[in-house]
$ cat model-v6.pdb   # PDB, C-alpha atoms
ATOM      1  CA  MET A 225     228.583 251.434  15.695
ATOM      2  CA  ASN A 226     232.312 252.163  15.756
ATOM      3  CA  ILE A 227     233.996 248.762  16.014
ATOM      4  CA  VAL A 228     237.669 247.784  16.142
ATOM      5  CA  ILE A 229     238.847 244.214  15.557
ATOM      6  CA  LEU A 230     241.922 243.663  17.725
ATOM      7  CA  GLY A 231     243.830 240.868  15.974
ATOM      8  CA  PRO A 232     242.419 240.281  12.477
ATOM      9  CA  GLY A 233     243.412 236.645  12.078
ATOM     10  CA  ALA A 234     241.055 234.147  10.470
ATOM     11  CA  VAL A 235     238.107 234.610  12.852
ATOM     12  CA  GLY A 236     238.770 238.330  13.375
ATOM     13  CA  SER A 237     238.851 238.957   9.620
ATOM     14  CA  LEU A 238     235.638 236.995   9.173
ATOM     15  CA  TRP A 239     233.839 239.174  11.717
ATOM     16  CA  ALA A 240     235.413 242.367  10.361
ATOM     17  CA  VAL A 241     233.918 241.719   6.933
ATOM     18  CA  LYS A 242     230.513 240.643   8.272
ATOM     19  CA  LEU A 243     230.233 243.690  10.556
ATOM     20  CA  ARG A 244     231.267 246.052   7.739
ATOM     21  CA  GLN A 245     228.688 244.466   5.428
ATOM     22  CA  ALA A 246     226.067 245.054   8.133
ATOM     23  CA  GLY A 247     226.763 248.783   7.948
ATOM     24  CA  HIS A 248     229.080 249.354  10.913
ATOM     25  CA  ARG A 249     232.204 251.507  10.866
ATOM     26  CA  VAL A 250     234.861 248.844  11.274
ATOM     27  CA  SER A 251     238.629 249.168  11.514
ATOM     28  CA  VAL A 252     241.351 246.759  12.606
ATOM     29  CA  TRP A 253     244.372 246.837  14.895
ATOM     30  CA  SER A 254     246.962 244.387  13.621
ATOM     31  CA  ARG A 255     250.699 243.871  14.115
ATOM     32  CA  ARG A 256     251.349 245.478  10.741
ATOM     33  CA  SER A 257     252.219 249.154  10.616
ATOM     34  CA  ALA A 258     250.573 249.880   7.238
ATOM     35  CA  SER A 259     247.637 252.294   7.488
ATOM     36  CA  LEU A 260     245.371 250.023   5.394
ATOM     37  CA  TYR A 261     244.571 246.367   5.926
ATOM     38  CA  SER A 262     242.824 244.598   3.046
ATOM     39  CA  ILE A 263     240.738 241.434   3.568
ATOM     40  CA  GLN A 264     239.270 239.164   0.915
ATOM     41  CA  LEU A 265     236.612 236.763   2.229
ATOM     42  CA  ASP A 266     236.082 233.704   0.028
ATOM     43  CA  ASP A 267     235.560 234.838  -3.593
ATOM     44  CA  HIS A 268     234.185 238.281  -2.729
ATOM     45  CA  PRO A 269     236.020 241.505  -3.607
ATOM     46  CA  ALA A 270     238.633 242.637  -1.089
ATOM     47  CA  ILE A 271     237.624 245.249   1.492
ATOM     48  CA  ASP A 272     240.026 247.859   2.883
ATOM     49  CA  PHE A 273     240.070 248.620   6.608
ATOM     50  CA  SER A 274     242.003 251.348   8.374
ATOM     51  CA  ASN A 275     244.677 249.873  10.633
ATOM     52  CA  GLN A 276     246.249 251.022  13.911
ATOM     53  CA  THR A 277     244.422 254.351  13.858
ATOM     54  CA  HIS A 278     244.435 255.989  17.282
ATOM     55  CA  ALA A 279     241.270 257.965  16.526
ATOM     56  CA  ASP A 280     239.395 254.750  15.685
ATOM     57  CA  ILE A 281     240.362 252.990  18.911
ATOM     58  CA  SER A 282     239.646 256.044  21.074
ATOM     59  CA  GLN A 283     236.192 256.441  19.499
ATOM     60  CA  ALA A 284     235.346 252.734  19.542
ATOM     61  CA  ASP A 285     232.016 251.639  20.951
ATOM     62  CA  LEU A 286     233.178 248.020  20.790
ATOM     63  CA  VAL A 287     236.577 246.324  20.605
ATOM     64  CA  VAL A 288     236.417 242.678  19.498
ATOM     65  CA  ILE A 289     239.496 240.809  20.753
ATOM     66  CA  THR A 290     240.274 237.880  18.440
ATOM     67  CA  VAL A 291     243.981 237.293  19.044
ATOM     68  CA  LYS A 292     245.267 233.990  20.408
ATOM     69  CA  SER A 293     244.557 233.473  24.104
ATOM     70  CA  TRP A 294     248.215 233.884  25.088
ATOM     71  CA  GLN A 295     248.374 237.180  23.151
ATOM     72  CA  VAL A 296     245.352 238.870  24.752
ATOM     73  CA  SER A 297     247.197 240.609  27.581
ATOM     74  CA  SER A 298     249.897 242.176  25.379
ATOM     75  CA  ALA A 299     247.371 243.078  22.662
ATOM     76  CA  LEU A 300     245.165 244.911  25.162
ATOM     77  CA  GLU A 301     248.189 246.672  26.605
ATOM     78  CA  SER A 302     249.010 248.073  23.154
ATOM     79  CA  VAL A 303     245.631 249.865  22.919
ATOM     80  CA  ARG A 304     244.994 250.522  26.612
ATOM     81  CA  PRO A 305     246.096 254.207  26.537
ATOM     82  CA  TYR A 306     243.429 254.984  23.917
ATOM     83  CA  LEU A 307     240.424 253.120  25.334
ATOM     84  CA  GLN A 308     237.519 254.991  26.921
ATOM     85  CA  PRO A 309     235.949 253.574  30.122
ATOM     86  CA  GLU A 310     232.609 253.076  28.345
ATOM     87  CA  THR A 311     234.149 251.077  25.479
ATOM     88  CA  MET A 312     232.779 247.533  25.422
ATOM     89  CA  LEU A 313     235.368 244.729  25.208
ATOM     90  CA  LEU A 314     234.301 241.492  23.554
ATOM     91  CA  PHE A 315     236.638 238.520  24.086
ATOM     92  CA  MET A 316     236.386 235.914  21.331
ATOM     93  CA  HIS A 317     239.220 233.398  21.623
ATOM     94  CA  ASN A 318     239.790 229.723  22.345
ATOM     95  CA  GLY A 319     240.340 228.420  25.831
ATOM     96  CA  MET A 320     239.610 229.747  29.301
ATOM     97  CA  GLY A 321     241.449 231.612  32.039
ATOM     98  CA  VAL A 322     242.328 234.824  30.206
ATOM     99  CA  THR A 323     239.653 237.049  31.752
ATOM    100  CA  GLU A 324     240.570 235.777  35.225
ATOM    101  CA  GLU A 325     244.159 236.891  34.626
ATOM    102  CA  LEU A 326     242.964 240.331  33.495
ATOM    103  CA  SER A 327     240.241 240.822  36.124
ATOM    104  CA  SER A 328     241.783 243.956  37.680
ATOM    105  CA  TYR A 329     241.938 245.576  34.243
ATOM    106  CA  ILE A 330     238.705 244.509  32.548
ATOM    107  CA  ASN A 331     236.530 245.500  35.503
ATOM    108  CA  HIS A 332     236.951 249.088  34.256
ATOM    109  CA  HIS A 333     234.971 248.240  31.092
ATOM    110  CA  PRO A 334     231.700 246.553  30.125
ATOM    111  CA  CYS A 335     233.062 243.161  29.076
ATOM    112  CA  LEU A 336     231.530 240.331  27.091
ATOM    113  CA  ILE A 337     232.664 236.840  26.164
ATOM    114  CA  ALA A 338     231.687 235.069  22.960
ATOM    115  CA  THR A 339     232.200 231.486  21.881
ATOM    116  CA  THR A 340     231.720 230.695  18.220
ATOM    117  CA  SER A 341     231.731 227.496  16.197
ATOM    118  CA  HIS A 342     232.189 229.219  12.825
ATOM    119  CA  GLY A 343     235.184 227.831  10.974
ATOM    120  CA  ALA A 344     237.647 230.145   9.252
ATOM    121  CA  LEU A 345     240.982 229.604   7.559
ATOM    122  CA  ARG A 346     243.512 232.257   6.642
ATOM    123  CA  ASP A 347     245.842 231.787   3.688
ATOM    124  CA  GLU A 348     249.204 232.305   5.391
ATOM    125  CA  SER A 349     250.891 233.078   2.069
ATOM    126  CA  SER A 350     248.601 236.041   1.346
ATOM    127  CA  VAL A 351     249.613 239.559   2.352
ATOM    128  CA  CYS A 352     247.568 242.157   0.490
ATOM    129  CA  PRO A 353     244.799 241.328   0.504
ATOM    130  CA  VAL A 354     244.727 238.818   3.334
ATOM    131  CA  ARG A 355     242.645 235.932   2.017
ATOM    132  CA  VAL A 356     240.252 234.219   4.429
ATOM    133  CA  CYS A 357     237.840 231.347   3.815
ATOM    134  CA  HIS A 358     234.677 230.725   5.815
ATOM    135  CA  THR A 359     235.142 226.970   6.126
ATOM    136  CA  GLY A 360     232.094 226.068   8.182
ATOM    137  CA  ALA A 361     228.884 227.723   9.327
ATOM    138  CA  GLY A 362     228.285 227.746  13.056
ATOM    139  CA  GLU A 363     226.672 229.672  15.866
ATOM    140  CA  THR A 364     227.826 232.226  18.422
ATOM    141  CA  TRP A 365     226.952 232.502  22.101
ATOM    142  CA  LEU A 366     227.361 235.803  23.906
ATOM    143  CA  GLY A 367     227.445 236.513  27.631
ATOM    144  CA  ALA A 368     228.659 238.919  30.298
ATOM    145  CA  ALA A 369     232.198 238.754  31.672
ATOM    146  CA  THR A 370     231.697 241.631  34.131
ATOM    147  CA  PRO A 371     228.653 243.062  35.980
ATOM    148  CA  SER A 372     228.489 246.014  33.581
ATOM    149  CA  GLY A 373     228.541 243.526  30.713
ATOM    150  CA  GLN A 374     225.091 242.371  31.837
ATOM    151  CA  GLN A 375     223.760 245.671  30.547
ATOM    152  CA  CYS A 376     225.022 244.899  27.030
ATOM    153  CA  GLN A 377     222.538 242.227  26.020
ATOM    154  CA  PHE A 378     221.515 244.489  23.141
ATOM    155  CA  MET A 379     224.763 243.437  21.461
ATOM    156  CA  THR A 380     223.104 240.104  20.733
ATOM    157  CA  ASP A 381     220.820 241.812  18.204
ATOM    158  CA  VAL A 382     223.701 243.862  16.768
ATOM    159  CA  LEU A 383     225.870 240.788  16.163
ATOM    160  CA  ASN A 384     222.960 238.627  15.071
ATOM    161  CA  HIS A 385     222.131 241.137  12.330
ATOM    162  CA  ALA A 386     225.729 240.886  11.100
ATOM    163  CA  PHE A 387     226.422 237.173  11.402
ATOM    164  CA  ALA A 388     223.510 235.012  12.584
ATOM    165  CA  PRO A 389     222.818 233.064  14.648
ATOM    166  CA  VAL A 390     223.960 234.846  17.816
ATOM    167  CA  CYS A 391     222.245 234.082  21.146
ATOM    168  CA  TRP A 392     222.605 235.456  24.661
ATOM    169  CA  HIS A 393     223.674 233.003  27.362
ATOM    170  CA  ASP A 394     222.926 233.885  30.991
ATOM    171  CA  ASN A 395     225.748 231.582  32.105
ATOM    172  CA  ILE A 396     228.429 231.989  29.455
ATOM    173  CA  GLU A 397     230.864 229.943  31.545
ATOM    174  CA  GLN A 398     228.742 226.888  30.758
ATOM    175  CA  ALA A 399     229.087 227.538  27.020
ATOM    176  CA  GLN A 400     232.819 228.127  27.449
ATOM    177  CA  TRP A 401     233.258 224.794  29.223
ATOM    178  CA  LYS A 402     231.417 222.936  26.469
ATOM    179  CA  LYS A 403     233.685 224.471  23.850
ATOM    180  CA  LEU A 404     236.725 223.809  26.049
ATOM    181  CA  ALA A 405     235.727 220.137  26.286
ATOM    182  CA  VAL A 406     235.542 219.890  22.496
ATOM    183  CA  ASN A 407     238.852 221.730  22.074
ATOM    184  CA  CYS A 408     240.594 219.524  24.674
ATOM    185  CA  VAL A 409     239.830 216.539  22.446
ATOM    186  CA  ILE A 410     240.048 217.826  18.872
ATOM    187  CA  ASN A 411     242.893 220.344  19.053
ATOM    188  CA  PRO A 412     245.695 218.272  20.608
ATOM    189  CA  LEU A 413     244.791 215.033  18.820
ATOM    190  CA  THR A 414     244.690 216.616  15.363
ATOM    191  CA  ALA A 415     247.921 218.503  16.086
ATOM    192  CA  ILE A 416     249.752 215.397  17.291
ATOM    193  CA  HIS A 417     248.548 213.194  14.432
ATOM    194  CA  GLN A 418     248.579 216.027  11.846
ATOM    195  CA  CYS A 419     245.138 215.145  10.555
ATOM    196  CA  ALA A 420     241.849 216.818   9.644
ATOM    197  CA  ASN A 421     239.134 216.880  12.298
ATOM    198  CA  GLY A 422     237.064 214.217  10.541
ATOM    199  CA  GLN A 423     239.786 211.586  10.855
ATOM    200  CA  LEU A 424     239.174 211.490  14.615
ATOM    201  CA  ALA A 425     235.918 209.623  13.891
ATOM    202  CA  SER A 426     237.915 206.505  12.957
ATOM    203  CA  TYR A 427     237.970 203.538  15.340
ATOM    204  CA  GLN A 428     241.639 203.970  16.254
ATOM    205  CA  PHE A 429     240.820 207.108  18.295
ATOM    206  CA  SER A 430     237.613 205.920  19.994
ATOM    207  CA  GLN A 431     239.137 204.505  23.175
ATOM    208  CA  GLN A 432     241.419 207.504  23.728
ATOM    209  CA  ILE A 433     238.622 209.997  23.092
ATOM    210  CA  SER A 434     236.368 208.131  25.540
ATOM    211  CA  ALA A 435     239.062 208.311  28.239
ATOM    212  CA  LEU A 436     239.633 212.035  27.610
ATOM    213  CA  ILE A 437     235.911 212.775  27.823
ATOM    214  CA  THR A 438     235.508 210.813  31.053
ATOM    215  CA  GLU A 439     238.244 212.904  32.688
ATOM    216  CA  ILE A 440     236.859 216.184  31.322
ATOM    217  CA  SER A 441     233.330 215.444  32.557
ATOM    218  CA  GLN A 442     234.658 214.724  36.065
ATOM    219  CA  VAL A 443     236.392 218.111  36.170
ATOM    220  CA  MET A 444     233.358 219.946  34.786
ATOM    221  CA  ASN A 445     231.026 218.404  37.368
ATOM    222  CA  ALA A 446     233.435 219.244  40.180
ATOM    223  CA  GLU A 447     233.446 222.839  38.936
ATOM    224  CA  GLY A 448     229.633 222.965  39.020
ATOM    225  CA  ILE A 449     229.079 222.531  35.274
ATOM    226  CA  LYS A 450     226.679 219.601  35.199
ATOM    227  CA  THR A 451     227.301 217.115  32.410
ATOM    228  CA  HIS A 452     227.958 213.433  31.786
ATOM    229  CA  PRO A 453     230.305 211.565  29.441
ATOM    230  CA  GLY A 454     227.524 210.497  27.082
ATOM    231  CA  ALA A 455     226.420 214.079  26.420
ATOM    232  CA  LEU A 456     230.002 215.273  25.928
ATOM    233  CA  ASN A 457     230.774 212.338  23.642
ATOM    234  CA  LYS A 458     227.770 213.223  21.456
ATOM    235  CA  LEU A 459     228.832 216.893  21.343
ATOM    236  CA  VAL A 460     232.459 216.119  20.458
ATOM    237  CA  PHE A 461     231.565 213.744  17.618
ATOM    238  CA  GLN A 462     228.952 216.168  16.311
ATOM    239  CA  VAL A 463     231.662 218.833  16.003
ATOM    240  CA  ILE A 464     234.059 216.305  14.445
ATOM    241  CA  GLU A 465     231.437 215.510  11.810
ATOM    242  CA  ASN A 466     230.396 219.141  11.189
ATOM    243  CA  THR A 467     234.035 220.223  10.746
ATOM    244  CA  ARG A 468     235.384 217.019   9.204
ATOM    245  CA  GLU A 469     237.268 218.815   6.417
ATOM    246  CA  ASN A 470     238.738 221.457   8.747
ATOM    247  CA  HIS A 471     242.169 221.561  10.350
ATOM    248  CA  SER A 472     242.176 222.763  13.949
ATOM    249  CA  SER A 473     243.962 225.938  14.975
ATOM    250  CA  MET A 474     246.409 223.888  17.042
ATOM    251  CA  TYR A 475     247.194 221.703  14.025
ATOM    252  CA  GLN A 476     247.935 224.865  12.041
ATOM    253  CA  ASP A 477     250.046 226.362  14.841
ATOM    254  CA  ILE A 478     252.191 223.236  15.189
ATOM    255  CA  LEU A 479     252.568 222.978  11.414
ATOM    256  CA  SER A 480     253.766 226.604  11.272
ATOM    257  CA  HIS A 481     256.039 226.261  14.356
ATOM    258  CA  ARG A 482     253.971 228.786  16.334
ATOM    259  CA  THR A 483     253.015 228.907  20.004
ATOM    260  CA  THR A 484     249.730 227.076  20.547
ATOM    261  CA  GLU A 485     246.876 227.824  22.953
ATOM    262  CA  ILE A 486     247.435 224.600  24.890
ATOM    263  CA  ASP A 487     247.999 226.486  28.185
ATOM    264  CA  TYR A 488     244.478 227.920  27.978
ATOM    265  CA  ILE A 489     242.815 224.739  26.682
ATOM    266  CA  THR A 490     244.146 221.522  28.192
ATOM    267  CA  GLY A 491     246.366 223.556  30.521
ATOM    268  CA  TYR A 492     243.301 225.242  32.013
ATOM    269  CA  LEU A 493     241.609 221.857  32.443
ATOM    270  CA  LEU A 494     244.683 220.583  34.307
ATOM    271  CA  LYS A 495     244.673 223.649  36.552
ATOM    272  CA  ILE A 496     241.028 223.136  37.554
ATOM    273  CA  ALA A 497     241.576 219.378  37.932
ATOM    274  CA  GLY A 498     244.416 220.138  40.328
ATOM    275  CA  LYS A 499     242.193 222.448  42.335
ATOM    276  CA  HIS A 500     239.731 219.589  42.845
ATOM    277  CA  GLN A 501     242.469 216.931  43.188
ATOM    278  CA  ILE A 502     241.186 214.985  40.188
ATOM    279  CA  ALA A 503     243.633 212.843  38.222
ATOM    280  CA  VAL A 504     243.498 213.471  34.454
ATOM    281  CA  PRO A 505     246.420 211.402  33.095
ATOM    282  CA  GLU A 506     245.147 211.144  29.501
ATOM    283  CA  ASN A 507     244.737 214.904  29.154
ATOM    284  CA  GLU A 508     248.044 215.514  30.922
ATOM    285  CA  LYS A 509     249.810 213.235  28.446
ATOM    286  CA  LEU A 510     248.392 215.176  25.473
ATOM    287  CA  CYS A 511     249.431 218.484  27.040
ATOM    288  CA  GLN A 512     252.997 217.249  27.492
ATOM    289  CA  GLN A 513     253.128 215.996  23.889
ATOM    290  CA  ILE A 514     252.003 219.368  22.513
ATOM    291  CA  LYS A 515     254.530 221.180  24.710
ATOM    292  CA  GLN A 516     257.297 218.964  23.355
ATOM    293  CA  MET A 517     256.160 219.564  19.764
ATOM    294  CA  GLU A 518     256.057 223.323  20.394
ATOM    295  CA  GLU A 519     259.572 223.325  21.804
ATOM    296  CA  LYS A 520     260.914 221.208  18.964
ATOM    297  CA  GLY A 521     259.239 223.355  16.303
ATOM    298  CA  GLN A 522     260.417 226.667  17.751
ATOM    299  CA  LYS A 523     264.036 225.475  17.771
ATOM    300  CA  ARG A 524     263.968 225.138  13.976
TER     301      ARG A 524
END
$ encode --input "model-v6.pdb" --output "structure tokens"
Amino acid sequence: MNIVILGPGAVGSLWAVKLRQAGHRVSVWSRRSASLYSIQLDDHPAIDFSNQTHADISQADLVVITVKSWQVSSALESVRPYLQPETMLLFMHNGMGVTEELSSYINHHPCLIATTSHGALRDESSVCPVRVCHTGAGETWLGAATPSGQQCQFMTDVLNHAFAPVCWHDNIEQAQWKKLAVNCVINPLTAIHQCANGQLASYQFSQQISALITEISQVMNAEGIKTHPGALNKLVFQVIENTRENHSSMYQDILSHRTTEIDYITGYLLKIAGKHQIAVPENEKLCQQIKQMEEKGQKR
């Protein structure tokens, strides 16, 4: 297949390499203007990808969108003139709410959503090649974002061959909410306390995490995603344990004085809570803290 990775950050670079190794014709579309984009995954030799090539994007069978959630709209706008109506769009980013904002646009394409628990870390000091580490094995769920996306279940086999395990989910929104719940806990807490994920397993965080999960489960149930605090608590601490050495993307964004994805993680939770008139003071407090840290960091 002809595949373009739109936004080759840590996760995008990881998938670019895996898809190339599986035999696909893969290129990238990054913010850099250089015609070649070189990626080194772990200790393997670097691989060169063509970058910002109009022919590649116009001939793409699949565009994998791996930019930050708040960058999706502008990133898509940059390639929109070259996309064919039959080109599949695969959204793979943290948070929720992006596809709703783009509904009038994405309905012109077969669209898919993926959630992945693979961990990846990009060495911010590297330029050529860009060095990326696969920091934790995970799984990927794939589902339809538009009616025409329902006809693209075959992509499960394509992606599974490149980077297993990949499974089709008939209700991808359910998988998104589970990941959102985990992100609402781990991302802001690790960013605020500047700690690795595993440190959240200590006793000092247990009461706060329990309160966050109780609020999140109330919102999920109101939205028709059936769950209970016990199940969410087990899921959150399983992820904390599995990624104990990792630093969350929000931790890294705050550390580097970048815009975070808080508006599409906790911010989305607050939006849905407001719709159902559910009070979520613990989550609201974390959102405000991250906003303050963002503002302070960007003034430097």
$ closest_atom_pairs --input "model-v6.pdb" --of "region 376-409 of chain A" --to "region 337-355 of chain A" --cutoff "9 Å" --atoms "only C-alpha atoms" --output "Markdown table"
| residue | atom | partner | partner_atom | distance |
| --- | --- | --- | --- | --- |
| A:Val390 | CA | A:Thr340 | CA | 8.8 |
| A:Ile396 | CA | A:Ile337 | CA | 7.2 |
| A:Glu397 | CA | A:Ile337 | CA | 8.9 |
| A:Ala399 | CA | A:Thr339 | CA | 7.2 |
| A:Gln400 | CA | A:Thr339 | CA | 6.5 |
| A:Lys403 | CA | A:Thr339 | CA | 7.4 |
$ resolve_selection --input "model-v6.pdb" --expression "the PyMOL selection byres ((chain A and resi 457) around 10)" --output "list in words"
Ala405, Val406, Ile433, Ser434, Leu436, Ile437, Thr438, Ser441, His452, Pro453, Gly454, Ala455, Leu456, Lys458, Leu459, Val460, Phe461 and Gln462 of chain A
$ resolve_selection --input "model-v6.pdb" --expression "the PyMOL selection byres ((chain A and resi 476-493) around 9)" --output "PyMOL selection string"
chain A and resi 292-294+318-322+404-405+407-409+411-412+415-416+418+440+443-444+471-475+494-498+504+507-508+510-511+514-515+517-524
$ resolve_selection --input "model-v6.pdb" --expression "the PyMOL selection byres ((chain A and resi 232) around 8)" --output "PDB file with C-alpha atoms, in the coordinates of the input"
ATOM      1  CA  ILE A 229     238.847 244.214  15.557  1.00  0.00           C
ATOM      2  CA  LEU A 230     241.922 243.663  17.725  1.00  0.00           C
ATOM      3  CA  GLY A 231     243.830 240.868  15.974  1.00  0.00           C
ATOM      4  CA  GLY A 233     243.412 236.645  12.078  1.00  0.00           C
ATOM      5  CA  ALA A 234     241.055 234.147  10.470  1.00  0.00           C
ATOM      6  CA  VAL A 235     238.107 234.610  12.852  1.00  0.00           C
ATOM      7  CA  GLY A 236     238.770 238.330  13.375  1.00  0.00           C
ATOM      8  CA  SER A 237     238.851 238.957   9.620  1.00  0.00           C
ATOM      9  CA  ALA A 240     235.413 242.367  10.361  1.00  0.00           C
ATOM     10  CA  VAL A 252     241.351 246.759  12.606  1.00  0.00           C
ATOM     11  CA  TRP A 253     244.372 246.837  14.895  1.00  0.00           C
ATOM     12  CA  SER A 254     246.962 244.387  13.621  1.00  0.00           C
ATOM     13  CA  THR A 290     240.274 237.880  18.440  1.00  0.00           C
ATOM     14  CA  VAL A 291     243.981 237.293  19.044  1.00  0.00           C
TER      15      VAL A 291
END
$ atom_distance --input "model-v6.pdb" --atom1 "CA of Trp401 (chain A)" --atom2 "CA of Met379 (chain A)"
21.9 Å
$ closest_atom_pairs --input "model-v6.pdb" --of "region 234-261 of chain A" --to "region 269-285 of chain A" --cutoff "9 Å" --atoms "only C-alpha atoms" --output "JSON lines"
{"residue": "A:Ala240", "atom": "CA", "partner": "A:Phe273", "partner_atom": "CA", "distance": 8.7}
{"residue": "A:Val241", "atom": "CA", "partner": "A:Ile271", "partner_atom": "CA", "distance": 7.5}
{"residue": "A:Arg244", "atom": "CA", "partner": "A:Ile271", "partner_atom": "CA", "distance": 8.9}
{"residue": "A:Val250", "atom": "CA", "partner": "A:Phe273", "partner_atom": "CA", "distance": 7.0}
{"residue": "A:Ser251", "atom": "CA", "partner": "A:Ser274", "partner_atom": "CA", "distance": 5.1}
{"residue": "A:Val252", "atom": "CA", "partner": "A:Asn275", "partner_atom": "CA", "distance": 5.0}
{"residue": "A:Trp253", "atom": "CA", "partner": "A:Gln276", "partner_atom": "CA", "distance": 4.7}
{"residue": "A:Ser254", "atom": "CA", "partner": "A:Asn275", "partner_atom": "CA", "distance": 6.7}
{"residue": "A:Arg255", "atom": "CA", "partner": "A:Gln276", "partner_atom": "CA", "distance": 8.4}
{"residue": "A:Arg256", "atom": "CA", "partner": "A:Asn275", "partner_atom": "CA", "distance": 8.0}
{"residue": "A:Ser257", "atom": "CA", "partner": "A:Gln276", "partner_atom": "CA", "distance": 7.1}
{"residue": "A:Ala258", "atom": "CA", "partner": "A:Asn275", "partner_atom": "CA", "distance": 6.8}
{"residue": "A:Ser259", "atom": "CA", "partner": "A:Asn275", "partner_atom": "CA", "distance": 5.0}
{"residue": "A:Leu260", "atom": "CA", "partner": "A:Ser274", "partner_atom": "CA", "distance": 4.7}
{"residue": "A:Tyr261", "atom": "CA", "partner": "A:Phe273", "partner_atom": "CA", "distance": 5.1}
$ atom_distance --input "model-v6.pdb" --atom1 "CA of Gly422 (chain A)" --atom2 "CA of Phe387 (chain A)"
25.3 Å
$ closest_residue --input "model-v6.pdb" --among "A:Ser327, A:Ser262, A:Asn445, A:Thr451" --to "Pro371 (chain A)" --atoms "only C-alpha atoms"
A:Ser327
$ residues_near_point --input "model-v6.pdb" --point "(227.3, 240.9, 10.2)" --cutoff "12 Å" --atoms "only C-alpha atoms" --output "number ranges by chain"
A: 225, 227, 237-250, 364, 379-390
$ write_last_selection --input "model-v6.pdb" --atoms "C-alpha atoms" --output "tab-separated table (two decimals), in the coordinates of the input"
chain	number	residue	atom	x	y	z
A	225	MET	CA	228.58	251.43	15.70
A	227	ILE	CA	234.00	248.76	16.01
A	237	SER	CA	238.85	238.96	9.62
A	238	LEU	CA	235.64	237.00	9.17
A	239	TRP	CA	233.84	239.17	11.72
A	240	ALA	CA	235.41	242.37	10.36
A	241	VAL	CA	233.92	241.72	6.93
A	242	LYS	CA	230.51	240.64	8.27
A	243	LEU	CA	230.23	243.69	10.56
A	244	ARG	CA	231.27	246.05	7.74
A	245	GLN	CA	228.69	244.47	5.43
A	246	ALA	CA	226.07	245.05	8.13
A	247	GLY	CA	226.76	248.78	7.95
A	248	HIS	CA	229.08	249.35	10.91
A	249	ARG	CA	232.20	251.51	10.87
A	250	VAL	CA	234.86	248.84	11.27
A	364	THR	CA	227.83	232.23	18.42
A	379	MET	CA	224.76	243.44	21.46
A	380	THR	CA	223.10	240.10	20.73
A	381	ASP	CA	220.82	241.81	18.20
A	382	VAL	CA	223.70	243.86	16.77
A	383	LEU	CA	225.87	240.79	16.16
A	384	ASN	CA	222.96	238.63	15.07
A	385	HIS	CA	222.13	241.14	12.33
A	386	ALA	CA	225.73	240.89	11.10
A	387	PHE	CA	226.42	237.17	11.40
A	388	ALA	CA	223.51	235.01	12.58
A	389	PRO	CA	222.82	233.06	14.65
A	390	VAL	CA	223.96	234.85	17.82
$ atom_distance --input "model-v6.pdb" --atom1 "CA of Arg468 (chain A)" --atom2 "CA of Asn421 (chain A)"
4.9 Å
$ closest_residue --input "model-v6.pdb" --among "A:Asp267, A:Asp394, A:Glu469, A:Glu301" --to "Ala368 (chain A)" --atoms "only C-alpha atoms"
A:Asp394
